[in-house]
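Chemist: For reference, this is final_17.pdb, and it has PDB, C-alpha atoms and all ligand atoms.
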ATOM      1  CA  MET C   1     -11.295  79.449  16.732
ATOM      2  CA  ALA C   2     -14.037  80.320  14.372
ATOM      3  CA  LYS C   3     -12.721  83.151  12.230
ATOM      4  CA  GLU C   4     -13.114  81.094   9.095
ATOM      5  CA  ARG C   5     -13.735  83.931   6.697
ATOM      6  CA  LYS C   6     -11.149  86.393   7.859
ATOM      7  CA  PRO C   7      -7.979  86.555   5.774
ATOM      8  CA  ASN C   8      -4.945  85.279   7.638
ATOM      9  CA  SER C   9      -1.905  87.472   7.213
ATOM     10  CA  ARG C  10       0.452  84.545   7.738
ATOM     11  CA  VAL C  11      -0.775  82.823   4.595
ATOM     12  CA  SER C  12      -1.353  85.911   2.482
ATOM     13  CA  GLY C  13      -0.245  85.270  -1.059
ATOM     14  CA  VAL C  14      -1.674  81.746  -1.044
ATOM     15  CA  SER C  15      -5.203  81.979  -2.313
ATOM     16  CA  GLN C  16      -7.802  79.340  -1.587
ATOM     17  CA  ALA C  17      -7.745  78.347  -5.268
ATOM     18  CA  ASP C  18      -3.975  77.833  -5.157
ATOM     19  CA  ALA C  19      -4.253  75.716  -2.056
ATOM     20  CA  VAL C  20      -6.874  73.503  -3.647
ATOM     21  CA  SER C  21      -5.059  72.985  -6.927
ATOM     22  CA  ALA C  22      -1.785  72.261  -5.139
ATOM     23  CA  ASP C  23      -3.503  69.508  -3.178
ATOM     24  CA  GLU C  24      -5.274  67.992  -6.152
ATOM     25  CA  GLY C  25      -4.813  64.255  -6.261
ATOM     26  CA  LEU C  26      -3.268  64.300  -2.807
ATOM     27  CA  GLN C  27      -6.143  64.794  -0.404
ATOM     28  CA  PRO C  28      -5.783  63.979   3.271
ATOM     29  CA  THR C  29      -7.616  60.834   4.341
ATOM     30  CA  ILE C  30      -7.890  58.765   7.454
ATOM     31  CA  ALA C  31      -5.151  56.206   6.910
ATOM     32  CA  GLY C  32      -6.701  53.147   8.389
ATOM     33  CA  LEU C  33      -7.843  51.894  11.721
ATOM     34  CA  GLU C  34      -7.138  54.875  13.959
ATOM     35  CA  ARG C  35      -9.581  55.013  16.826
ATOM     36  CA  LEU C  36     -10.262  57.653  19.441
ATOM     37  CA  ILE C  37     -11.495  55.924  22.581
ATOM     38  CA  MET C  38     -12.807  57.330  25.851
ATOM     39  CA  SER C  39     -15.350  56.635  28.554
ATOM     40  CA  ARG C  40     -18.710  58.344  28.432
ATOM     41  CA  ASN C  41     -17.906  59.849  31.804
ATOM     42  CA  LEU C  42     -14.800  61.584  30.482
ATOM     43  CA  PHE C  43     -16.573  62.690  27.298
ATOM     44  CA  GLU C  44     -19.396  64.270  29.294
ATOM     45  CA  ARG C  45     -17.031  65.789  31.850
ATOM     46  CA  THR C  46     -15.149  67.424  28.979
ATOM     47  CA  LEU C  47     -18.266  68.834  27.333
ATOM     48  CA  HIS C  48     -19.695  69.985  30.647
ATOM     49  CA  GLY C  49     -16.438  71.811  31.415
ATOM     50  CA  LEU C  50     -16.402  73.441  27.975
ATOM     51  CA  ALA C  51     -20.051  74.511  28.181
ATOM     52  CA  THR C  52     -19.553  75.980  31.637
ATOM     53  CA  ARG C  53     -16.471  77.918  30.590
ATOM     54  CA  SER C  54     -17.991  79.042  27.276
ATOM     55  CA  ALA C  55     -21.109  80.272  29.126
ATOM     56  CA  ASN C  56     -22.853  80.872  25.776
ATOM     57  CA  TRP C  57     -20.543  83.709  24.754
ATOM     58  CA  ARG C  58     -16.886  82.689  24.413
ATOM     59  CA  GLU C  59     -14.802  79.881  23.015
ATOM     60  CA  SER C  60     -13.291  77.336  25.354
ATOM     61  CA  ALA C  61     -10.919  74.438  24.822
ATOM     62  CA  ALA C  62      -9.405  71.403  26.427
ATOM     63  CA  ILE C  63      -6.598  68.982  25.777
ATOM     64  CA  TRP C  64      -6.945  65.227  26.008
ATOM     65  CA  ALA C  65      -4.070  63.071  27.137
ATOM     66  CA  GLY C  66      -3.758  59.334  27.533
ATOM     67  CA  SER C  67      -2.144  56.377  25.864
ATOM     68  CA  LEU C  68      -1.253  55.659  22.258
ATOM     69  CA  ILE C  69      -1.109  51.978  21.430
ATOM     70  CA  GLY C  70      -0.997  51.023  17.792
ATOM     71  CA  ASP C  71      -3.890  52.774  16.084
ATOM     72  CA  GLU C  72      -5.725  53.341  19.349
ATOM     73  CA  SER C  73      -5.722  56.729  21.067
ATOM     74  CA  GLN C  74      -7.207  56.260  24.519
ATOM     75  CA  VAL C  75      -8.165  59.406  26.416
ATOM     76  CA  LEU C  76      -7.491  59.185  30.150
ATOM     77  CA  LYS C  77      -7.289  62.815  31.281
ATOM     78  CA  VAL C  78      -8.665  66.194  30.310
ATOM     79  CA  TYR C  79      -6.919  69.527  30.836
ATOM     80  CA  PHE C  80      -8.922  72.702  30.257
ATOM     81  CA  HIS C  81      -7.131  75.695  28.784
ATOM     82  CA  HIS C  82      -8.662  78.033  31.375
ATOM     83  CA  GLU C  83      -7.252  75.875  34.156
ATOM     84  CA  LEU C  84      -3.798  75.840  32.578
ATOM     85  CA  CYS C  85      -3.598  79.609  32.096
ATOM     86  CA  ASP C  86      -5.612  82.754  31.440
ATOM     87  CA  ASP C  87      -7.008  81.638  28.077
ATOM     88  CA  LYS C  88      -8.258  85.139  27.165
ATOM     89  CA  GLY C  89     -11.399  83.503  25.805
ATOM     90  CA  GLY C  90     -13.507  85.673  23.508
ATOM     91  CA  PRO C  91     -16.487  85.047  21.220
ATOM     92  CA  LEU C  92     -14.208  83.777  18.410
ATOM     93  CA  SER C  93     -10.841  83.094  19.970
ATOM     94  CA  LEU C  94      -8.829  81.860  22.888
ATOM     95  CA  GLU C  95      -5.220  81.231  23.766
ATOM     96  CA  LEU C  96      -2.928  78.763  25.419
ATOM     97  CA  THR C  97       0.259  80.471  26.543
ATOM     98  CA  GLU C  98       3.627  78.997  25.626
ATOM     99  CA  GLU C  99       4.418  78.723  29.317
ATOM    100  CA  ALA C 100       1.234  76.734  29.992
ATOM    101  CA  LYS C 101       1.975  74.506  27.042
ATOM    102  CA  PHE C 102       5.449  73.620  28.273
ATOM    103  CA  THR C 103       4.215  73.107  31.834
ATOM    104  CA  LEU C 104       1.655  70.686  30.433
ATOM    105  CA  TYR C 105       4.290  68.834  28.370
ATOM    106  CA  GLU C 106       6.309  68.421  31.572
ATOM    107  CA  THR C 107       3.284  67.149  33.525
ATOM    108  CA  LEU C 108       2.517  64.621  30.810
ATOM    109  CA  ARG C 109       6.122  63.451  30.702
ATOM    110  CA  ARG C 110       6.106  62.923  34.488
ATOM    111  CA  GLU C 111       2.846  60.997  34.345
ATOM    112  CA  SER C 112       3.819  58.991  31.239
ATOM    113  CA  LEU C 113       0.845  60.349  29.332
ATOM    114  CA  LYS C 114       0.775  61.265  25.642
ATOM    115  CA  LEU C 115      -1.061  64.071  23.894
ATOM    116  CA  VAL C 116      -4.087  62.483  22.242
ATOM    117  CA  GLY C 117      -6.048  65.436  20.932
ATOM    118  CA  MET C 118      -7.784  68.676  21.620
ATOM    119  CA  ILE C 119     -11.354  69.870  21.612
ATOM    120  CA  HIS C 120     -12.738  73.397  21.428
ATOM    121  CA  THR C 121     -16.017  75.197  20.982
ATOM    122  CA  HIS C 122     -17.363  77.322  18.143
ATOM    123  CA  PRO C 123     -20.277  79.744  18.450
ATOM    124  CA  LYS C 124     -22.534  78.260  15.769
ATOM    125  CA  ASP C 125     -22.913  75.015  13.856
ATOM    126  CA  TRP C 126     -19.749  75.548  11.760
ATOM    127  CA  VAL C 127     -17.309  72.883  13.006
ATOM    128  CA  ASP C 128     -14.548  72.837  10.404
ATOM    129  CA  LEU C 129     -11.072  73.932  11.482
ATOM    130  CA  SER C 130     -10.374  77.617  10.859
ATOM    131  CA  LEU C 131      -6.980  78.609   9.467
ATOM    132  CA  VAL C 132      -5.942  79.498  13.003
ATOM    133  CA  ASP C 133      -7.098  76.074  14.228
ATOM    134  CA  GLN C 134      -5.203  74.347  11.410
ATOM    135  CA  GLY C 135      -2.046  76.189  12.354
ATOM    136  CA  ASN C 136      -2.271  75.202  16.026
ATOM    137  CA  GLN C 137       1.110  73.827  16.989
ATOM    138  CA  LEU C 138       0.178  72.058  20.196
ATOM    139  CA  CYS C 139       1.086  68.723  18.581
ATOM    140  CA  SER C 140       2.150  67.967  15.022
ATOM    141  CA  ARG C 141       1.998  64.180  15.351
ATOM    142  CA  ILE C 142       0.180  62.335  12.578
ATOM    143  CA  GLY C 143      -2.897  60.831  14.196
ATOM    144  CA  PHE C 144      -3.449  63.753  16.598
ATOM    145  CA  TRP C 145      -7.173  64.489  16.971
ATOM    146  CA  SER C 146      -8.926  67.855  16.918
ATOM    147  CA  LEU C 147     -12.633  68.079  17.674
ATOM    148  CA  VAL C 148     -14.844  71.143  17.289
ATOM    149  CA  VAL C 149     -18.085  71.392  19.258
ATOM    150  CA  PRO C 150     -20.880  73.669  17.965
ATOM    151  CA  TRP C 151     -23.008  76.172  19.917
ATOM    152  CA  TYR C 152     -20.410  76.684  22.669
ATOM    153  CA  ALA C 153     -20.999  73.066  23.779
ATOM    154  CA  ARG C 154     -24.591  73.609  24.790
ATOM    155  CA  LYS C 155     -26.636  70.422  25.133
ATOM    156  CA  PRO C 156     -27.615  68.186  23.461
ATOM    157  CA  TRP C 157     -24.136  66.703  23.074
ATOM    158  CA  GLU C 158     -24.286  64.660  19.901
ATOM    159  CA  LEU C 159     -21.231  63.215  18.241
ATOM    160  CA  SER C 160     -22.955  63.679  14.883
ATOM    161  CA  SER C 161     -22.876  67.471  15.239
ATOM    162  CA  ILE C 162     -19.221  67.613  16.341
ATOM    163  CA  GLY C 163     -16.468  68.164  13.756
ATOM    164  CA  VAL C 164     -13.933  65.339  14.115
ATOM    165  CA  HIS C 165     -10.555  65.970  12.498
ATOM    166  CA  ILE C 166      -7.339  63.983  12.435
ATOM    167  CA  ARG C 167      -3.884  65.121  11.403
ATOM    168  CA  SER C 168      -2.568  63.245   8.360
ATOM    169  CA  ASP C 169       0.855  63.514   6.763
ATOM    170  CA  ILE C 170      -0.457  66.171   4.374
ATOM    171  CA  GLY C 171      -2.841  68.114   6.557
ATOM    172  CA  TRP C 172      -6.010  67.883   8.556
ATOM    173  CA  TYR C 173      -8.755  65.495   7.524
ATOM    174  CA  ARG C 174     -12.378  65.816   8.667
ATOM    175  CA  LEU C 175     -14.048  62.464   9.132
ATOM    176  CA  THR C 176     -17.345  61.800   7.393
ATOM    177  CA  PRO C 177     -20.372  60.983   9.598
ATOM    178  CA  ASP C 178     -19.903  57.259   8.896
ATOM    179  CA  GLU C 179     -16.219  57.464   9.754
ATOM    180  CA  VAL C 180     -17.001  59.242  13.025
ATOM    181  CA  ILE C 181     -19.186  56.295  14.043
ATOM    182  CA  GLN C 182     -16.429  53.829  13.130
ATOM    183  CA  HIS C 183     -13.450  55.682  14.547
ATOM    184  CA  VAL C 184     -14.725  57.464  17.653
ATOM    185  CA  ILE C 185     -15.640  55.064  20.428
ATOM    186  CA  ILE C 186     -17.330  56.407  23.566
ATOM    187  CA  SER C 187     -17.942  53.519  25.856
ATOM    188  CA  GLY C 188     -19.310  52.405  29.165
ATOM    189  CA  GLU C 189     -19.998  54.491  32.190
TER     190      GLU C 189
HETATM  191 ZN    ZN S 201     -11.850  77.024  16.019
END
Now that the file is in, can you turn its structure into structure tokens?
Ligand SMILES: [Zn+2]
Modeler:
Amino acid sequence: MAKERKPNSRVSGVSQADAVSADEGLQPTIAGLERLIMSRNLFERTLHGLATRSANWRESAAIWAGSLIGDESQVLKVYFHHELCDDKGGPLSLELTEEAKFTLYETLRRESLKLVGMIHTHPKDWVDLSLVDQGNQLCSRIGFWSLVVPWYARKPWELSSIGVHIRSDIGWYRLTPDEVIQHVIISGE
């Protein structure tokens, strides 16, 4: 969700300045060797699905599931929000119902898949996580990935324009361009 400048009632009372000073000296970082790995086919299938659903006017999102082995998060499957439920996608927002979320958890449990990350679109080139995005409770595991694709996932699809974030023990961390190259591996077919 891209409502970055709107005040969020749930955190009213905590100003941006407070949040920054409270975090001083304790900034999130990428801990070490975490890697997000997927085939080019799955990467492109995901972005194609997002672009189609976004249709140049609304946000869309998908969830990646797969295996977690050591520091490696391997994406094996993609689940689009609009296929899981009515995502109520709008220009700056979308939803995943609680019911859809728990149905997905059950599917993943049956198939022995783990939640790896999520990916969603923003309307312009701003690909940080909004306050709403940061508060997303799909998965609170350290090492969970959250990617934000600009321009409603219109082509060209370049990793360098995508916001790549990882959950650390003290909050979300956005990888630098160099870190994206090191930690996000899109391979093969
Ligand atoms: Zn967002």
Chemist: The PyMOL selection byres (((not hetatm)) within 10 of (chain S and resi 201)) - which residues does that actually catch in the file I just gave you? List them as a VMD selection string.
Modeler: chain C and resid 1 to 4 59 to 61 92 to 94 119 to 123 126 to 134 136 146 to 150
Chemist: Looking at C:Ser73, C:Ser187, C:Ser161, C:Ser67, which one is nearest to Leu42 of chain C, with distances taken over all atoms listed in the file?
Modeler: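 That would be C:Ser187, the residue with the smallest distance to Leu42 of chain C.
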Chemist: Could you expand the PyMOL selection byres (((chain C and resi 57) around 9) and not hetatm) into the explicit residues it covers here, written as a PyMOL selection string?
Modeler: chain C and resi 54-56+58-59+90-92+123+152
Chemist: Around the point (-13.0, 57.8, 24.5) in the file's coordinates, collect all residues with an atom within 9 Å, using only C-alpha atoms, and return them as a PyMOL selection string.
Modeler: chain C and resi 35-40+42-43+73-76+184-187
Chemist: Taking the file as I've supplied it (selection: the PyMOL selection byres (((chain C and resi 82) around 9) and not hetatm)), which residues are included? Please answer as a VMD selection string.
Modeler: chain C and resid 53 60 to 62 79 to 81 83 to 89 95 to 96
Chemist: What's around Ser168 of chain C at 12 Å? Count all atoms listed in the file, leave out sequence neighbours fewer than 5 positions away in its own chain, and write the answer as a list of chain:residue names.
Modeler: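 Once the nearby chain positions are removed, what remains is C:Leu26, C:Gln27, C:Pro28, C:Thr29, C:Ile30, C:Ala31, C:Gly32, C:Glu34, C:Gln134, C:Ser140, C:Arg141, C:Ile142, C:Gly143, C:Phe144, C:Trp145, C:Ser146, C:Tyr173, C:Arg174, C:Leu175.
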Chemist: So what do you get for atom CA of Glu98 of chain C versus atom CA of Gln137 of chain C, distance-wise?
Modeler: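 Between atom CA of Glu98 of chain C and atom CA of Gln137 of chain C the gap works out to 10.4 Å.
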Chemist: Between atom CA of Leu113 of chain C and atom CA of Trp64 of chain C, what distance in Å does the model show, to one decimal?
Modeler: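 Atom CA of Trp64 of chain C lies 9.8 Å from atom CA of Leu113 of chain C.
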Chemist: Between atom CA of Ile181 of chain C and atom CA of Asp169 of chain C, what is the spacing in Å?
Modeler: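 Computing the Euclidean distance for atom CA of Asp169 of chain C and atom CA of Ile181 of chain C yields 22.5 Å.
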Chemist: Considering only C-alpha atoms, can you say which of C:Ser112, C:Asn41, C:Thr107, C:Ser160 comes closest to Gly188 of chain C?
Modeler: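 Residue with the minimum atom-to-atom distance to Gly188 of chain C: C:Asn41.
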